[in-house]
Every structure is written in C-alpha cells, then in structure tokens.
file structure00.pdb (PDB, C-alpha atoms)
ATOM      1  CA  MET A   1     -19.591   0.544   8.397  1.00  0.00           C
ATOM      2  CA  TYR A   2     -16.230   2.332   8.092  1.00  0.00           C
ATOM      3  CA  LEU A   3     -14.564  -0.944   7.089  1.00  0.00           C
ATOM      4  CA  ILE A   4     -17.112  -1.515   4.324  1.00  0.00           C
ATOM      5  CA  LYS A   5     -16.641   2.020   2.957  1.00  0.00           C
ATOM      6  CA  ALA A   6     -12.858   1.688   3.138  1.00  0.00           C
ATOM      7  CA  THR A   7     -13.026  -1.668   1.362  1.00  0.00           C
ATOM      8  CA  ILE A   8     -15.108  -0.188  -1.439  1.00  0.00           C
ATOM      9  CA  CYS A   9     -12.690   2.748  -1.802  1.00  0.00           C
ATOM     10  CA  ILE A  10      -9.697   0.439  -1.968  1.00  0.00           C
ATOM     11  CA  PHE A  11     -11.458  -1.818  -4.466  1.00  0.00           C
ATOM     12  CA  ILE A  12     -12.134   1.173  -6.703  1.00  0.00           C
ATOM     13  CA  ALA A  13      -8.514   2.319  -6.363  1.00  0.00           C
ATOM     14  CA  VAL A  14      -7.292  -1.139  -7.378  1.00  0.00           C
ATOM     15  CA  LEU A  15      -9.602  -1.142 -10.395  1.00  0.00           C
ATOM     16  CA  LEU A  16      -8.401   2.301 -11.423  1.00  0.00           C
ATOM     17  CA  THR A  17      -4.809   1.202 -10.997  1.00  0.00           C
ATOM     18  CA  ALA A  18      -5.388  -1.819 -13.220  1.00  0.00           C
ATOM     19  CA  CYS A  19      -7.038   0.330 -15.878  1.00  0.00           C
ATOM     20  CA  HIS A  20      -4.431   3.095 -15.742  1.00  0.00           C
ATOM     21  CA  PRO A  21      -0.979   1.609 -15.169  1.00  0.00           C
ATOM     22  CA  LEU A  22       1.859   3.886 -14.198  1.00  0.00           C
ATOM     23  CA  PRO A  23       3.978   5.272 -17.023  1.00  0.00           C
ATOM     24  CA  GLU A  24       7.052   3.119 -17.675  1.00  0.00           C
ATOM     25  CA  SER A  25       9.368   5.698 -16.098  1.00  0.00           C
ATOM     26  CA  LYS A  26       7.455   5.607 -12.788  1.00  0.00           C
ATOM     27  CA  GLN A  27       7.347   1.817 -12.389  1.00  0.00           C
ATOM     28  CA  THR A  28      10.626   1.610 -10.541  1.00  0.00           C
ATOM     29  CA  VAL A  29      10.304   2.410  -6.876  1.00  0.00           C
ATOM     30  CA  GLY A  30      12.308   5.480  -5.946  1.00  0.00           C
ATOM     31  CA  LEU A  31      11.894   7.286  -9.267  1.00  0.00           C
ATOM     32  CA  VAL A  32       9.790  10.236  -8.241  1.00  0.00           C
ATOM     33  CA  ASP A  33      10.511  13.720  -9.511  1.00  0.00           C
ATOM     34  CA  ASN A  34      12.009  16.322  -7.165  1.00  0.00           C
ATOM     35  CA  GLN A  35       8.891  18.477  -7.243  1.00  0.00           C
ATOM     36  CA  SER A  36       6.774  15.610  -5.885  1.00  0.00           C
ATOM     37  CA  THR A  37       9.304  15.035  -3.131  1.00  0.00           C
ATOM     38  CA  ALA A  38       9.080  18.649  -1.973  1.00  0.00           C
ATOM     39  CA  LEU A  39       5.314  19.005  -2.253  1.00  0.00           C
ATOM     40  CA  GLY A  40       4.152  15.504  -1.455  1.00  0.00           C
ATOM     41  CA  ILE A  41       2.045  12.984  -3.341  1.00  0.00           C
ATOM     42  CA  THR A  42      -1.573  11.902  -3.358  1.00  0.00           C
ATOM     43  CA  GLU A  43      -2.807   8.847  -1.505  1.00  0.00           C
ATOM     44  CA  ARG A  44      -3.530   7.175  -4.848  1.00  0.00           C
ATOM     45  CA  ALA A  45       0.032   7.788  -6.108  1.00  0.00           C
ATOM     46  CA  ALA A  46       1.459   6.413  -2.858  1.00  0.00           C
ATOM     47  CA  PHE A  47      -0.814   3.367  -3.111  1.00  0.00           C
ATOM     48  CA  GLU A  48       0.279   2.741  -6.715  1.00  0.00           C
ATOM     49  CA  LEU A  49       3.952   2.925  -5.700  1.00  0.00           C
ATOM     50  CA  LEU A  50       3.274   0.396  -2.940  1.00  0.00           C
ATOM     51  CA  ILE A  51       1.467  -2.035  -5.253  1.00  0.00           C
ATOM     52  CA  VAL A  52       4.256  -1.839  -7.863  1.00  0.00           C
ATOM     53  CA  ALA A  53       6.868  -2.540  -5.173  1.00  0.00           C
ATOM     54  CA  LEU A  54       4.914  -5.480  -3.762  1.00  0.00           C
ATOM     55  CA  GLU A  55       4.261  -7.001  -7.193  1.00  0.00           C
ATOM     56  CA  GLN A  56       8.013  -7.013  -7.897  1.00  0.00           C
ATOM     57  CA  ARG A  57       8.593  -9.389  -4.981  1.00  0.00           C
ATOM     58  CA  PRO A  58       8.802 -13.119  -5.643  1.00  0.00           C
ATOM     59  CA  ASN A  59       5.617 -14.942  -4.625  1.00  0.00           C
ATOM     60  CA  ALA A  60       3.676 -11.674  -4.405  1.00  0.00           C
ATOM     61  CA  ASP A  61       0.115 -12.404  -3.295  1.00  0.00           C
ATOM     62  CA  VAL A  62      -1.358  -8.936  -3.723  1.00  0.00           C
ATOM     63  CA  ASP A  63      -4.693 -10.373  -4.906  1.00  0.00           C
ATOM     64  CA  CYS A  64      -5.315 -11.830  -1.448  1.00  0.00           C
ATOM     65  CA  LEU A  65      -4.627  -8.568   0.376  1.00  0.00           C
ATOM     66  CA  GLN A  66      -6.882  -5.627   1.075  1.00  0.00           C
ATOM     67  CA  PHE A  67      -5.153  -2.302   1.654  1.00  0.00           C
ATOM     68  CA  LEU A  68      -6.563   0.246   4.050  1.00  0.00           C
ATOM     69  CA  PRO A  69      -5.134   3.732   4.412  1.00  0.00           C
ATOM     70  CA  GLU A  70      -4.026   4.441   7.983  1.00  0.00           C
ATOM     71  CA  SER A  71      -2.887   8.023   7.636  1.00  0.00           C
ATOM     72  CA  ASN A  72      -4.884  10.555   9.585  1.00  0.00           C
ATOM     73  CA  ASN A  73      -4.357  13.066   6.845  1.00  0.00           C
ATOM     74  CA  ASP A  74      -7.321  14.736   5.240  1.00  0.00           C
ATOM     75  CA  ASP A  75      -5.075  16.611   2.808  1.00  0.00           C
ATOM     76  CA  ALA A  76      -5.134  15.605  -0.835  1.00  0.00           C
ATOM     77  CA  ILE A  77      -1.319  15.721  -0.900  1.00  0.00           C
ATOM     78  CA  ALA A  78       1.064  14.592   1.833  1.00  0.00           C
ATOM     79  CA  THR A  79       4.731  13.694   2.182  1.00  0.00           C
ATOM     80  CA  THR A  80       3.939  10.340   3.851  1.00  0.00           C
ATOM     81  CA  TRP A  81       1.088   7.845   3.541  1.00  0.00           C
ATOM     82  CA  GLU A  82       0.553   4.725   5.629  1.00  0.00           C
ATOM     83  CA  PHE A  83      -1.312   1.574   4.589  1.00  0.00           C
ATOM     84  CA  ALA A  84      -2.288  -1.630   6.368  1.00  0.00           C
ATOM     85  CA  ALA A  85      -2.301  -4.840   4.311  1.00  0.00           C
ATOM     86  CA  MET A  86      -5.089  -7.080   5.583  1.00  0.00           C
ATOM     87  CA  GLU A  87      -5.467 -10.690   4.498  1.00  0.00           C
ATOM     88  CA  VAL A  88      -8.536 -11.526   2.447  1.00  0.00           C
ATOM     89  CA  HIS A  89     -10.127 -14.811   3.481  1.00  0.00           C
ATOM     90  CA  ASN A  90     -12.476 -16.252   0.894  1.00  0.00           C
ATOM     91  CA  GLU A  91     -12.870 -19.269  -1.411  1.00  0.00           C
ATOM     92  CA  VAL A  92      -9.991 -18.157  -3.660  1.00  0.00           C
ATOM     93  CA  CYS A  93      -7.501 -17.047  -0.995  1.00  0.00           C
ATOM     94  CA  GLY A  94      -8.486 -19.549   1.685  1.00  0.00           C
ATOM     95  CA  GLY A  95      -8.809 -18.936   5.391  1.00  0.00           C
ATOM     96  CA  ASP A  96     -11.709 -18.306   7.722  1.00  0.00           C
ATOM     97  CA  PRO A  97     -13.927 -15.534   6.263  1.00  0.00           C
ATOM     98  CA  ASP A  98     -14.885 -14.452   9.789  1.00  0.00           C
ATOM     99  CA  VAL A  99     -11.257 -13.741  10.665  1.00  0.00           C
ATOM    100  CA  GLY A 100      -9.074 -11.060   9.173  1.00  0.00           C
ATOM    101  CA  HIS A 101      -5.901  -9.538  10.402  1.00  0.00           C
ATOM    102  CA  VAL A 102      -3.250  -7.086   9.340  1.00  0.00           C
ATOM    103  CA  ARG A 103      -0.317  -8.869   7.719  1.00  0.00           C
ATOM    104  CA  ASN A 104       1.930  -5.816   7.317  1.00  0.00           C
ATOM    105  CA  ARG A 105       1.940  -2.054   7.642  1.00  0.00           C
ATOM    106  CA  TYR A 106       3.701   0.139   5.094  1.00  0.00           C
ATOM    107  CA  LYS A 107       4.774   3.768   4.995  1.00  0.00           C
ATOM    108  CA  VAL A 108       5.230   5.356   1.546  1.00  0.00           C
ATOM    109  CA  ASN A 109       7.154   8.609   1.300  1.00  0.00           C
ATOM    110  CA  ALA A 110       6.796  11.239  -1.419  1.00  0.00           C
ATOM    111  CA  ASN A 111      10.365  10.552  -2.578  1.00  0.00           C
ATOM    112  CA  GLY A 112       9.337   6.978  -3.467  1.00  0.00           C
ATOM    113  CA  SER A 113      11.039   5.307  -0.521  1.00  0.00           C
ATOM    114  CA  MET A 114       9.051   2.829   1.513  1.00  0.00           C
ATOM    115  CA  MET A 115       9.181   1.391   4.973  1.00  0.00           C
ATOM    116  CA  ILE A 116       7.624  -1.684   6.555  1.00  0.00           C
ATOM    117  CA  TYR A 117       6.567  -1.896  10.187  1.00  0.00           C
ATOM    118  CA  ASP A 118       8.585  -4.249  12.374  1.00  0.00           C
ATOM    119  CA  PRO A 119       6.346  -5.222  15.316  1.00  0.00           C
ATOM    120  CA  ARG A 120       9.277  -6.672  17.277  1.00  0.00           C
ATOM    121  CA  GLU A 121      11.099  -3.327  17.217  1.00  0.00           C
ATOM    122  CA  GLY A 122       7.931  -1.227  17.297  1.00  0.00           C
ATOM    123  CA  GLU A 123       9.110   0.993  14.438  1.00  0.00           C
ATOM    124  CA  TYR A 124       9.309   1.220  10.669  1.00  0.00           C
ATOM    125  CA  GLU A 125      12.344  -0.124   8.807  1.00  0.00           C
ATOM    126  CA  PRO A 126      13.380   0.358   5.167  1.00  0.00           C
ATOM    127  CA  PHE A 127      11.368  -1.833   2.786  1.00  0.00           C
ATOM    128  CA  LYS A 128      13.454  -3.674   0.243  1.00  0.00           C
ATOM    129  CA  GLY A 129      11.218  -4.271  -2.779  1.00  0.00           C
ATOM    130  CA  LEU A 130      13.018  -7.258  -4.256  1.00  0.00           C
ATOM    131  CA  GLN A 131      14.132  -9.935  -1.818  1.00  0.00           C
TER
END
call {"tool": "encode", "arguments": {"input": "structure00.pdb", "output": "structure tokens"}}
result
Amino acid sequence: MYLIKATICIFIAVLLTACHPLPESKQTVGLVDNQSTALGITERAAFELLIVALEQRPNADVDCLQFLPESNNDDAIATTWEFAAMEVHNEVCGGDPDVGHVRNRYKVNANGSMMIYDPREGEYEPFKGLQ
C-alpha cells in the first residue's frame, strides 16, 4: 500500500514539475541561493533539481524511472534529500512488469550539489550531471 501511495505522490510531483518548470536561473545544477543552502530546501525542490540534472545527461531515460523519496525526514525543509530511482517495466519501457528494482540512489543537498550511491564502495560519491 505504501508503494502505491508513494507512486501516486511521485506521479503528481512529476506532473507539477512538467506544468511549472524551474525559472531559467535555477535550471543549472548548483545554482541555489545562499539562503536556501543555510535553511534547506523542500523535497519538491530537491526532486526538481535531480530531474533537471538527470535530463541533462545524454540518453536520459527519466520517463522509464519512478522516483521514491528515501529520506526519513518529516520536515517540510531539509538540507539533504535522498531518492531511489526504480525502473518502470511496462509496454513502453519494456521489462517484466512483475519485477522492479532500484537502478540508482541519489542524495540532493540544499546547495544544489548531488551525489550518487556507489554500491561497490557502500557510500555516496559526487554526481556529475553531464557525462
């Protein structure tokens, strides 16, 4: 049941993001004002930063990913948010619809920097948006 609710929340967030793109000055990862850095950012703002960074990568396949927040933070504003990118398996994206797994885990900081989880090292490493 939690997965269904989380999926619906993420779907709504993606729709809102598509309807309300970030202002031009905020589309570059790392450009977050100093006040946000000190106070933190909302989960939605962190999610939008992550999506913008992922869409800048060559061969970005964001449409076939479902993002679930992993932060155990009930606060509306935090300095760090974590998200798991799960593969979507359906007719469009392919794959077995009964199987789904986490492709990557991301950590988004209030200063706009991002990290990606390296399972071999067991820790987060800096995420380089364009590769």
call {"tool": "closest_residue", "arguments": {"input": "structure00.pdb", "among": "A:Ala45, A:Val92, A:Val108, A:Ile116", "to": "Ala76 in chain A", "atoms": "only C-alpha atoms"}}
result
A:Ala45
call {"tool": "residues_around", "arguments": {"input": "structure00.pdb", "residues": "Asp61 in chain A", "least_positions_apart": "2", "cutoff": "12 Å", "atoms": "all atoms listed in the file", "output": "VMD selection string"}}
result
chain A and resid 51 54 to 59 63 to 66 85 to 88 92 to 93 103
call {"tool": "closest_residue", "arguments": {"input": "structure00.pdb", "among": "A:Leu39, A:Asp98, A:Phe67, A:Asn104", "to": "Tyr117 in chain A", "atoms": "only C-alpha atoms"}}
result
A:Asn104
call {"tool": "residues_near_point", "arguments": {"input": "structure00.pdb", "point": "(-2.1, 0.7, 6.5)", "cutoff": "7 Å", "atoms": "all atoms listed in the file", "output": "MDAnalysis selection string"}}
result
chainID A and resid 67:70 82:85 105:106
call {"tool": "write_last_selection", "arguments": {"input": "structure00.pdb", "atoms": "C-alpha atoms", "output": "compact mmCIF listing (two decimals), keeping the file's coordinate frame"}}
result
# COMPACT_ATOMS: atom_id res chain seq x y z
CA PHE A 67 -5.15 -2.30 1.65
CA LEU A 68 -6.56 0.25 4.05
CA PRO A 69 -5.13 3.73 4.41
CA GLU A 70 -4.03 4.44 7.98
CA GLU A 82 0.55 4.72 5.63
CA PHE A 83 -1.31 1.57 4.59
CA ALA A 84 -2.29 -1.63 6.37
CA ALA A 85 -2.30 -4.84 4.31
CA ARG A 105 1.94 -2.05 7.64
CA TYR A 106 3.70 0.14 5.09
call {"tool": "atom_distance", "arguments": {"input": "structure00.pdb", "atom1": "CA of Leu50 in chain A", "atom2": "CA of Glu121 in chain A"}}
result
21.9 Å
call {"tool": "resolve_selection", "arguments": {"input": "structure00.pdb", "expression": "the PyMOL selection byres ((chain A and resi 77) around 7)", "output": "ChimeraX atom specification"}}
result
/A:40-42,75-76,78
call {"tool": "atom_distance", "arguments": {"input": "structure00.pdb", "atom1": "CA of Glu123 in chain A", "atom2": "CA of Gly100 in chain A"}}
result
22.4 Å
call {"tool": "residues_around", "arguments": {"input": "structure00.pdb", "residues": "Thr80 in chain A", "least_positions_apart": "3", "cutoff": "10 Å", "atoms": "only C-alpha atoms", "output": "ChimeraX atom specification"}}
result
/A:37,40-43,46,71,73,77,107-114
call {"tool": "write_last_selection", "arguments": {"input": "structure00.pdb", "atoms": "C-alpha atoms", "output": "PDB file, in the coordinates of the input"}}
result
ATOM      1  CA  THR A  37       9.304  15.035  -3.131  1.00  0.00           C
ATOM      2  CA  GLY A  40       4.152  15.504  -1.455  1.00  0.00           C
ATOM      3  CA  ILE A  41       2.045  12.984  -3.341  1.00  0.00           C
ATOM      4  CA  THR A  42      -1.573  11.902  -3.358  1.00  0.00           C
ATOM      5  CA  GLU A  43      -2.807   8.847  -1.505  1.00  0.00           C
ATOM      6  CA  ALA A  46       1.459   6.413  -2.858  1.00  0.00           C
ATOM      7  CA  SER A  71      -2.887   8.023   7.636  1.00  0.00           C
ATOM      8  CA  ASN A  73      -4.357  13.066   6.845  1.00  0.00           C
ATOM      9  CA  ILE A  77      -1.319  15.721  -0.900  1.00  0.00           C
ATOM     10  CA  LYS A 107       4.774   3.768   4.995  1.00  0.00           C
ATOM     11  CA  VAL A 108       5.230   5.356   1.546  1.00  0.00           C
ATOM     12  CA  ASN A 109       7.154   8.609   1.300  1.00  0.00           C
ATOM     13  CA  ALA A 110       6.796  11.239  -1.419  1.00  0.00           C
ATOM     14  CA  ASN A 111      10.365  10.552  -2.578  1.00  0.00           C
ATOM     15  CA  GLY A 112       9.337   6.978  -3.467  1.00  0.00           C
ATOM     16  CA  SER A 113      11.039   5.307  -0.521  1.00  0.00           C
ATOM     17  CA  MET A 114       9.051   2.829   1.513  1.00  0.00           C
TER      18      MET A 114
END
call {"tool": "atom_distance", "arguments": {"input": "structure00.pdb", "atom1": "CA of Arg120 in chain A", "atom2": "CA of Asn90 in chain A"}}
result
28.9 Å
call {"tool": "axis_aligned_box", "arguments": {"input": "structure00.pdb", "around": "range 82-95 of chain A", "padding_each_side": "3 Å", "output": "lines of an AutoDock Vina configuration file"}}
result
center_x = -6.2
center_y = -7.4
center_z = 1.4
size_x = 19.4
size_y = 30.3
size_z = 16.0
